[in-house]
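*Asks:* There's a structure below that I have some questions on.
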Amino acid sequence: MMSAATLTRTLTHSGRRALSTAPASLSRVGEALVFPRERPGLDYKFNWSLNGDGVTPTKRSAFRLMAGKELDLKVAQLPVGKGKKTKAAAASKMPEAGTPALSFDAFDMALQTAKDTLSASENLYCPEGHAPGAAVGVRIITNCPDIAVKACTGFLERMPKRDPASQQITLYVVSSAATDEFAGYAIEEEDGQSVSSVVVMGKKPAMNLVVAGVELSLTGFEADAAAAAAEGE
């Protein structure tokens with residue numbers, strides 16, 4: 001039987017992740033719960049891992065797409081092929097939370113909007129792989145098929161497929177005419193490790209912003225590691 005409460009990662013105004021208990025959504029009184037059978041796009045273990053990132057696929061259609069695996073794209077009914085490399089957008093287009101260009105409050109609001117919009121989307125596409133040139137796990141949660149295909153075929157590198165789990169870099173990429181254009185990221189410490197959340201929203205989210213979010217996150221991780229090493233000397 002599933003737990004009556006779930007744990008989700010949230011961003012506080014101090015810029016740190018905290019654990020919060022979601023309201024109970026399941027109850028069982030005198031009768032058994034019957035769950036739909038798993039199928040392509042409906043994987044309970046994967047859905048629970050997305051819930052850990054604050055996204056709940058309410059439409060029961062979320063595809064896990066491992067970078068470099070054409071079969072995953074075919075199952076999600078997405079086009080396959082070799083994608084083109086995308087150059088990162090200028091750093092000024094992807095501000096970091098806590099700087100003069102982007103407050104923690106503004107990032108908090110955008111992050112929650114992205115999570116809510118993705119949760120309500122008809123289909124979610126979730127590319128996973130290593131960041132280019134680094135053994136750092138990346139998960140992109142998006143409702144935009146174009147971003148998903150580009151990420152899987154021309155950006156992320158292959159990594160071993162293991163049980164679904166949150167990655168060190170999580171991107172929330174929203175395609176919606178109902179949301180304001182937004183791009184930004186935040187780096188925090190979680191369990192002694194630097195983690196990053198990146199938000200890109202717009203009518204047609206740009207892949208170069210996705211690339212910038214990952215590259216800037218990696219730069220931030222390196223800076224954090226250097227600072228920690230200096231403190232230990």
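Residue numbers start at 1 in each chain; chains themselves are named A, B, ... in the order of the structure tokens; ligands are numbered from 1 in the order shown.
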Neighbouring residues of A:Ala228 were defined as those with any atom within 12 Å, considering only C-alpha atoms; residues of the same chain fewer than 3 positions away were excluded. Please report them as number ranges by chain.
*Replies:* A: 189, 192-194, 221-225, 231-233
*Asks:* If you take only C-alpha atoms and a cut-off of 10 Å, which residues of stretch 138-203 of chain A touch stretch 105-127 of chain A, and what are their nearest atom pairs and distances in Å to one decimal, in chain and number order, as a Markdown table?
*Replies:*
```
| residue | atom | partner | partner_atom | distance |
| --- | --- | --- | --- | --- |
| A:Val138 | CA | A:Pro127 | CA | 8.1 |
| A:Arg139 | CA | A:Pro127 | CA | 5.9 |
| A:Ile140 | CA | A:Cys126 | CA | 5.2 |
| A:Ile141 | CA | A:Cys126 | CA | 4.7 |
| A:Thr142 | CA | A:Tyr125 | CA | 5.4 |
| A:Asn143 | CA | A:Leu124 | CA | 4.8 |
| A:Cys144 | CA | A:Tyr125 | CA | 7.2 |
| A:Pro145 | CA | A:Tyr125 | CA | 6.8 |
| A:Asp146 | CA | A:Tyr125 | CA | 9.8 |
| A:Ile147 | CA | A:Tyr125 | CA | 8.8 |
| A:Ala148 | CA | A:Pro127 | CA | 6.0 |
| A:Val149 | CA | A:Pro127 | CA | 8.3 |
| A:Lys150 | CA | A:Pro127 | CA | 9.5 |
| A:Ala151 | CA | A:Pro127 | CA | 6.6 |
| A:Cys152 | CA | A:Pro127 | CA | 6.0 |
| A:Thr153 | CA | A:Pro127 | CA | 9.8 |
| A:Leu156 | CA | A:Pro127 | CA | 8.2 |
| A:Leu171 | CA | A:Cys126 | CA | 9.5 |
| A:Tyr172 | CA | A:Ala114 | CA | 6.3 |
| A:Val173 | CA | A:Ala114 | CA | 7.4 |
| A:Val174 | CA | A:Ala114 | CA | 6.3 |
| A:Ser175 | CA | A:Leu118 | CA | 9.0 |
| A:Ser176 | CA | A:Thr117 | CA | 8.4 |
| A:Ala178 | CA | A:Thr117 | CA | 9.5 |
| A:Thr179 | CA | A:Thr113 | CA | 8.1 |
| A:Asp180 | CA | A:Ala110 | CA | 8.9 |
| A:Glu181 | CA | A:Ala110 | CA | 9.7 |
| A:Phe182 | CA | A:Ala110 | CA | 7.4 |
| A:Ala183 | CA | A:Ala110 | CA | 8.8 |
| A:Gly184 | CA | A:Phe107 | CA | 7.0 |
| A:Tyr185 | CA | A:Phe107 | CA | 7.5 |
| A:Ala186 | CA | A:Phe107 | CA | 7.9 |
| A:Ser197 | CA | A:Leu111 | CA | 8.4 |
| A:Val198 | CA | A:Leu111 | CA | 8.2 |
| A:Val199 | CA | A:Leu111 | CA | 6.3 |
| A:Val200 | CA | A:Ala114 | CA | 8.2 |
| A:Met201 | CA | A:Ala114 | CA | 7.3 |
```
*Asks:* Filtering to C-alpha atoms, could you give me those residues as a PDB file, in the first residue's frame?
*Replies:*
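Written out: out.pdb:
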```pdb
ATOM      1  CA  VAL A 138      20.763  15.770 -15.781  1.00  0.00           C
ATOM      2  CA  ARG A 139      16.986  15.379 -15.872  1.00  0.00           C
ATOM      3  CA  ILE A 140      14.829  17.605 -18.070  1.00  0.00           C
ATOM      4  CA  ILE A 141      11.104  17.659 -17.322  1.00  0.00           C
ATOM      5  CA  THR A 142       9.215  19.256 -20.191  1.00  0.00           C
ATOM      6  CA  ASN A 143       5.918  19.292 -22.049  1.00  0.00           C
ATOM      7  CA  CYS A 144       7.714  20.372 -25.241  1.00  0.00           C
ATOM      8  CA  PRO A 145       8.453  17.508 -27.682  1.00  0.00           C
ATOM      9  CA  ASP A 146      10.971  19.613 -29.606  1.00  0.00           C
ATOM     10  CA  ILE A 147      13.114  20.246 -26.515  1.00  0.00           C
ATOM     11  CA  ALA A 148      12.947  16.566 -25.581  1.00  0.00           C
ATOM     12  CA  VAL A 149      14.151  15.400 -28.989  1.00  0.00           C
ATOM     13  CA  LYS A 150      16.971  17.950 -29.152  1.00  0.00           C
ATOM     14  CA  ALA A 151      18.125  17.074 -25.640  1.00  0.00           C
ATOM     15  CA  CYS A 152      18.185  13.330 -26.377  1.00  0.00           C
ATOM     16  CA  THR A 153      19.771  13.453 -29.817  1.00  0.00           C
ATOM     17  CA  LEU A 156      22.894  15.001 -23.318  1.00  0.00           C
ATOM     18  CA  LEU A 171      15.469  21.455 -15.584  1.00  0.00           C
ATOM     19  CA  TYR A 172      11.811  22.456 -15.719  1.00  0.00           C
ATOM     20  CA  VAL A 173      11.091  23.495 -19.308  1.00  0.00           C
ATOM     21  CA  VAL A 174       7.561  24.726 -19.976  1.00  0.00           C
ATOM     22  CA  SER A 175       5.936  25.428 -23.313  1.00  0.00           C
ATOM     23  CA  SER A 176       2.852  27.543 -22.666  1.00  0.00           C
ATOM     24  CA  ALA A 178      -0.280  31.248 -20.562  1.00  0.00           C
ATOM     25  CA  THR A 179       2.993  31.732 -18.681  1.00  0.00           C
ATOM     26  CA  ASP A 180       5.381  34.668 -18.755  1.00  0.00           C
ATOM     27  CA  GLU A 181       8.743  34.264 -20.456  1.00  0.00           C
ATOM     28  CA  PHE A 182      11.285  33.254 -17.846  1.00  0.00           C
ATOM     29  CA  ALA A 183      14.781  31.810 -17.552  1.00  0.00           C
ATOM     30  CA  GLY A 184      16.839  31.382 -14.392  1.00  0.00           C
ATOM     31  CA  TYR A 185      18.558  28.890 -12.141  1.00  0.00           C
ATOM     32  CA  ALA A 186      19.468  28.313  -8.503  1.00  0.00           C
ATOM     33  CA  SER A 197      17.238  23.739 -10.494  1.00  0.00           C
ATOM     34  CA  VAL A 198      16.802  25.447 -13.868  1.00  0.00           C
ATOM     35  CA  VAL A 199      13.554  26.994 -15.103  1.00  0.00           C
ATOM     36  CA  VAL A 200      12.808  27.910 -18.716  1.00  0.00           C
ATOM     37  CA  MET A 201       9.288  29.016 -19.647  1.00  0.00           C
TER      38      MET A 201
END
```
*Asks:* Restricting the calculation to only C-alpha atoms: of A:Glu188, A:Val210, A:Asp163, A:Ala89, which residue gets closest to A:Tyr44?
*Replies:*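 Nearest candidate to A:Tyr44 out of A:Glu188, A:Val210, A:Asp163, A:Ala89: A:Asp163.
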*Asks:* When you draw a straight line from atom CA of A:Gly202 to atom CA of A:Met94, how long is it in Å?
*Replies:*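 Value for the atom CA of A:Gly202-atom CA of A:Met94 distance: 13.6 Å.
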*Asks:* Among stretch 45-172 of chain A, which residues carry a DSSP assignment of alpha helix (DSSP H), reported as number ranges by chain?
*Replies:* A: 45-52, 70-75, 104-119, 145-154
*Asks:* May I have the residues from that selection written out with N, CA and C atoms, as a CSV table (one decimal), in the first residue's frame?
*Replies:*
```csv
chain,number,residue,atom,x,y,z
A,45,LYS,N,7.0,3.8,-10.6
A,45,LYS,CA,8.3,4.1,-9.9
A,45,LYS,C,8.9,5.5,-10.5
A,46,PHE,N,8.7,5.6,-11.8
A,46,PHE,CA,9.2,6.9,-12.4
A,46,PHE,C,8.4,8.1,-12.0
A,47,ASN,N,7.1,7.9,-11.9
A,47,ASN,CA,6.2,9.0,-11.5
A,47,ASN,C,6.5,9.4,-10.1
A,48,TRP,N,6.8,8.4,-9.2
A,48,TRP,CA,7.2,8.8,-7.8
A,48,TRP,C,8.5,9.6,-7.8
A,49,SER,N,9.4,9.3,-8.7
A,49,SER,CA,10.6,10.0,-8.7
A,49,SER,C,10.4,11.4,-9.2
A,50,LEU,N,9.5,11.6,-10.2
A,50,LEU,CA,9.1,13.0,-10.6
A,50,LEU,C,8.5,13.7,-9.5
A,51,ASN,N,7.7,13.0,-8.7
A,51,ASN,CA,7.1,13.7,-7.5
A,51,ASN,C,8.1,14.2,-6.6
A,52,GLY,N,9.2,13.5,-6.5
A,52,GLY,CA,10.3,14.0,-5.7
A,52,GLY,C,10.9,15.3,-6.2
A,70,GLU,N,17.2,5.5,-29.1
A,70,GLU,CA,16.1,5.8,-30.1
A,70,GLU,C,14.8,5.1,-29.7
A,71,LEU,N,14.9,4.0,-29.1
A,71,LEU,CA,13.7,3.2,-28.8
A,71,LEU,C,12.8,4.0,-27.9
A,72,ASP,N,13.4,4.7,-26.9
A,72,ASP,CA,12.6,5.5,-26.0
A,72,ASP,C,11.8,6.6,-26.7
A,73,LEU,N,12.5,7.2,-27.7
A,73,LEU,CA,11.8,8.3,-28.5
A,73,LEU,C,10.6,7.7,-29.3
A,74,LYS,N,10.9,6.5,-29.9
A,74,LYS,CA,9.8,5.8,-30.7
A,74,LYS,C,8.6,5.5,-29.8
A,75,VAL,N,8.9,5.0,-28.6
A,75,VAL,CA,7.8,4.6,-27.7
A,75,VAL,C,7.0,5.9,-27.4
A,104,PHE,N,15.5,35.6,-5.1
A,104,PHE,CA,15.0,34.3,-4.7
A,104,PHE,C,13.5,34.2,-4.8
A,105,ASP,N,12.8,35.3,-4.4
A,105,ASP,CA,11.4,35.3,-4.4
A,105,ASP,C,10.9,35.1,-5.8
A,106,ALA,N,11.5,35.8,-6.8
A,106,ALA,CA,11.0,35.7,-8.2
A,106,ALA,C,11.3,34.3,-8.7
A,107,PHE,N,12.4,33.7,-8.4
A,107,PHE,CA,12.7,32.4,-8.8
A,107,PHE,C,11.8,31.4,-8.2
A,108,ASP,N,11.5,31.5,-6.9
A,108,ASP,CA,10.6,30.7,-6.2
A,108,ASP,C,9.2,30.6,-6.9
A,109,MET,N,8.7,31.8,-7.3
A,109,MET,CA,7.4,31.9,-7.9
A,109,MET,C,7.4,31.2,-9.3
A,110,ALA,N,8.5,31.4,-10.1
A,110,ALA,CA,8.6,30.8,-11.4
A,110,ALA,C,8.7,29.3,-11.3
A,111,LEU,N,9.5,28.8,-10.3
A,111,LEU,CA,9.7,27.4,-10.1
A,111,LEU,C,8.4,26.7,-9.8
A,112,GLN,N,7.6,27.3,-8.9
A,112,GLN,CA,6.3,26.7,-8.6
A,112,GLN,C,5.3,26.7,-9.8
A,113,THR,N,5.4,27.8,-10.5
A,113,THR,CA,4.5,27.9,-11.7
A,113,THR,C,4.9,26.8,-12.7
A,114,ALA,N,6.2,26.6,-12.9
A,114,ALA,CA,6.6,25.6,-13.8
A,114,ALA,C,6.2,24.2,-13.4
A,115,LYS,N,6.4,23.9,-12.1
A,115,LYS,CA,6.0,22.6,-11.5
A,115,LYS,C,4.5,22.4,-11.7
A,116,ASP,N,3.7,23.4,-11.4
A,116,ASP,CA,2.2,23.3,-11.5
A,116,ASP,C,1.8,23.1,-13.0
A,117,THR,N,2.4,23.8,-13.9
A,117,THR,CA,2.0,23.7,-15.3
A,117,THR,C,2.4,22.4,-15.8
A,118,LEU,N,3.6,21.9,-15.5
A,118,LEU,CA,4.0,20.6,-16.0
A,118,LEU,C,3.1,19.5,-15.4
A,119,SER,N,2.8,19.6,-14.1
A,119,SER,CA,1.9,18.6,-13.5
A,119,SER,C,0.6,18.4,-14.2
A,145,PRO,N,7.8,18.6,-26.9
A,145,PRO,CA,8.5,17.5,-27.7
A,145,PRO,C,9.7,17.9,-28.4
A,146,ASP,N,9.8,19.1,-28.9
A,146,ASP,CA,11.0,19.6,-29.6
A,146,ASP,C,12.2,19.7,-28.7
A,147,ILE,N,12.0,20.2,-27.5
A,147,ILE,CA,13.1,20.2,-26.5
A,147,ILE,C,13.6,18.8,-26.2
A,148,ALA,N,12.6,17.9,-26.0
A,148,ALA,CA,12.9,16.6,-25.6
A,148,ALA,C,13.8,15.9,-26.6
A,149,VAL,N,13.4,16.0,-27.9
A,149,VAL,CA,14.2,15.4,-29.0
A,149,VAL,C,15.6,16.0,-29.1
A,150,LYS,N,15.7,17.3,-29.0
A,150,LYS,CA,17.0,18.0,-29.2
A,150,LYS,C,17.9,17.6,-28.0
A,151,ALA,N,17.3,17.4,-26.8
A,151,ALA,CA,18.1,17.1,-25.6
A,151,ALA,C,18.6,15.7,-25.8
A,152,CYS,N,17.8,14.7,-26.3
A,152,CYS,CA,18.2,13.3,-26.4
A,152,CYS,C,19.1,13.0,-27.5
A,153,THR,N,19.0,13.8,-28.6
A,153,THR,CA,19.8,13.5,-29.8
A,153,THR,C,21.0,14.4,-30.1
A,154,GLY,N,21.0,15.5,-29.4
A,154,GLY,CA,22.1,16.4,-29.8
A,154,GLY,C,22.7,17.1,-28.6
```
*Asks:* Can you tell me, as a ChimeraX atom specification, which residues in stretch 188-226 of chain A count as strand (DSSP E or B) by DSSP?
*Replies:* /A:188-190,193-202
*Asks:* Can you tell me how far atom CA of A:Ala229 sits from atom CA of A:Glu215, in Å to one decimal?
*Replies:* 21.4 Å
*Asks:* Applying 9 Å and only C-alpha atoms, which residues near A:Ala131 remain after dropping the ones on its own chain fewer than 5 positions away? List them as a list in words.
*Replies:* Val136, Gly137, Val138, Phe155, Leu156, Glu157, Ile169, Val214, Glu215 and Leu218 of chain A
*Asks:* Can those selected residues be exported to a file as a short mmCIF file (atom, residue, chain, number, x, y, z; two decimals), in the first residue's frame so that it contains N, CA, C and O atoms?
*Replies:*
```
data_model
loop_
_atom_site.label_atom_id
_atom_site.label_comp_id
_atom_site.auth_asym_id
_atom_site.auth_seq_id
_atom_site.Cartn_x
_atom_site.Cartn_y
_atom_site.Cartn_z
N VAL A 136 27.91 14.18 -14.61
CA VAL A 136 26.90 14.82 -13.78
C VAL A 136 25.53 14.53 -14.38
O VAL A 136 25.28 14.84 -15.56
N GLY A 137 24.66 13.91 -13.60
CA GLY A 137 23.34 13.54 -14.09
C GLY A 137 22.44 14.74 -14.30
O GLY A 137 22.42 15.68 -13.51
N VAL A 138 21.70 14.69 -15.42
CA VAL A 138 20.76 15.77 -15.78
C VAL A 138 19.40 15.16 -16.07
O VAL A 138 19.30 14.14 -16.76
N PHE A 155 22.39 16.76 -27.36
CA PHE A 155 22.92 17.48 -26.21
C PHE A 155 23.40 16.54 -25.11
O PHE A 155 24.61 16.44 -24.85
N LEU A 156 22.50 15.86 -24.44
CA LEU A 156 22.89 15.00 -23.32
C LEU A 156 23.68 13.79 -23.80
O LEU A 156 23.48 13.29 -24.91
N GLU A 157 24.59 13.31 -22.95
CA GLU A 157 25.36 12.12 -23.25
C GLU A 157 24.76 10.91 -22.52
O GLU A 157 24.09 11.06 -21.51
N ILE A 169 21.31 17.94 -11.66
CA ILE A 169 20.75 19.10 -12.35
C ILE A 169 19.35 18.74 -12.83
O ILE A 169 19.17 17.75 -13.55
N VAL A 214 22.48 24.32 -18.02
CA VAL A 214 23.33 23.19 -17.64
C VAL A 214 24.78 23.65 -17.50
O VAL A 214 25.47 23.33 -16.51
N GLU A 215 25.28 24.41 -18.46
CA GLU A 215 26.68 24.85 -18.42
C GLU A 215 26.95 25.75 -17.21
O GLU A 215 27.98 25.61 -16.54
N LEU A 218 27.13 23.66 -14.04
CA LEU A 218 28.42 22.99 -13.91
C LEU A 218 29.50 23.95 -13.42
O LEU A 218 30.33 23.59 -12.56
#
```
*Asks:* What does the structure give for the distance between atom CA of A:Thr170 and atom CA of A:Asp191, in Å to one decimal?
*Replies:*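 According to the coordinates, atom CA of A:Thr170 and atom CA of A:Asp191 are separated by 15.9 Å.
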*Asks:* So which one's closest to A:Asn208, A:Asp43, A:Ser61, A:Thr86, A:Gly81? Using only C-alpha atoms, please.
*Replies:* A:Thr86
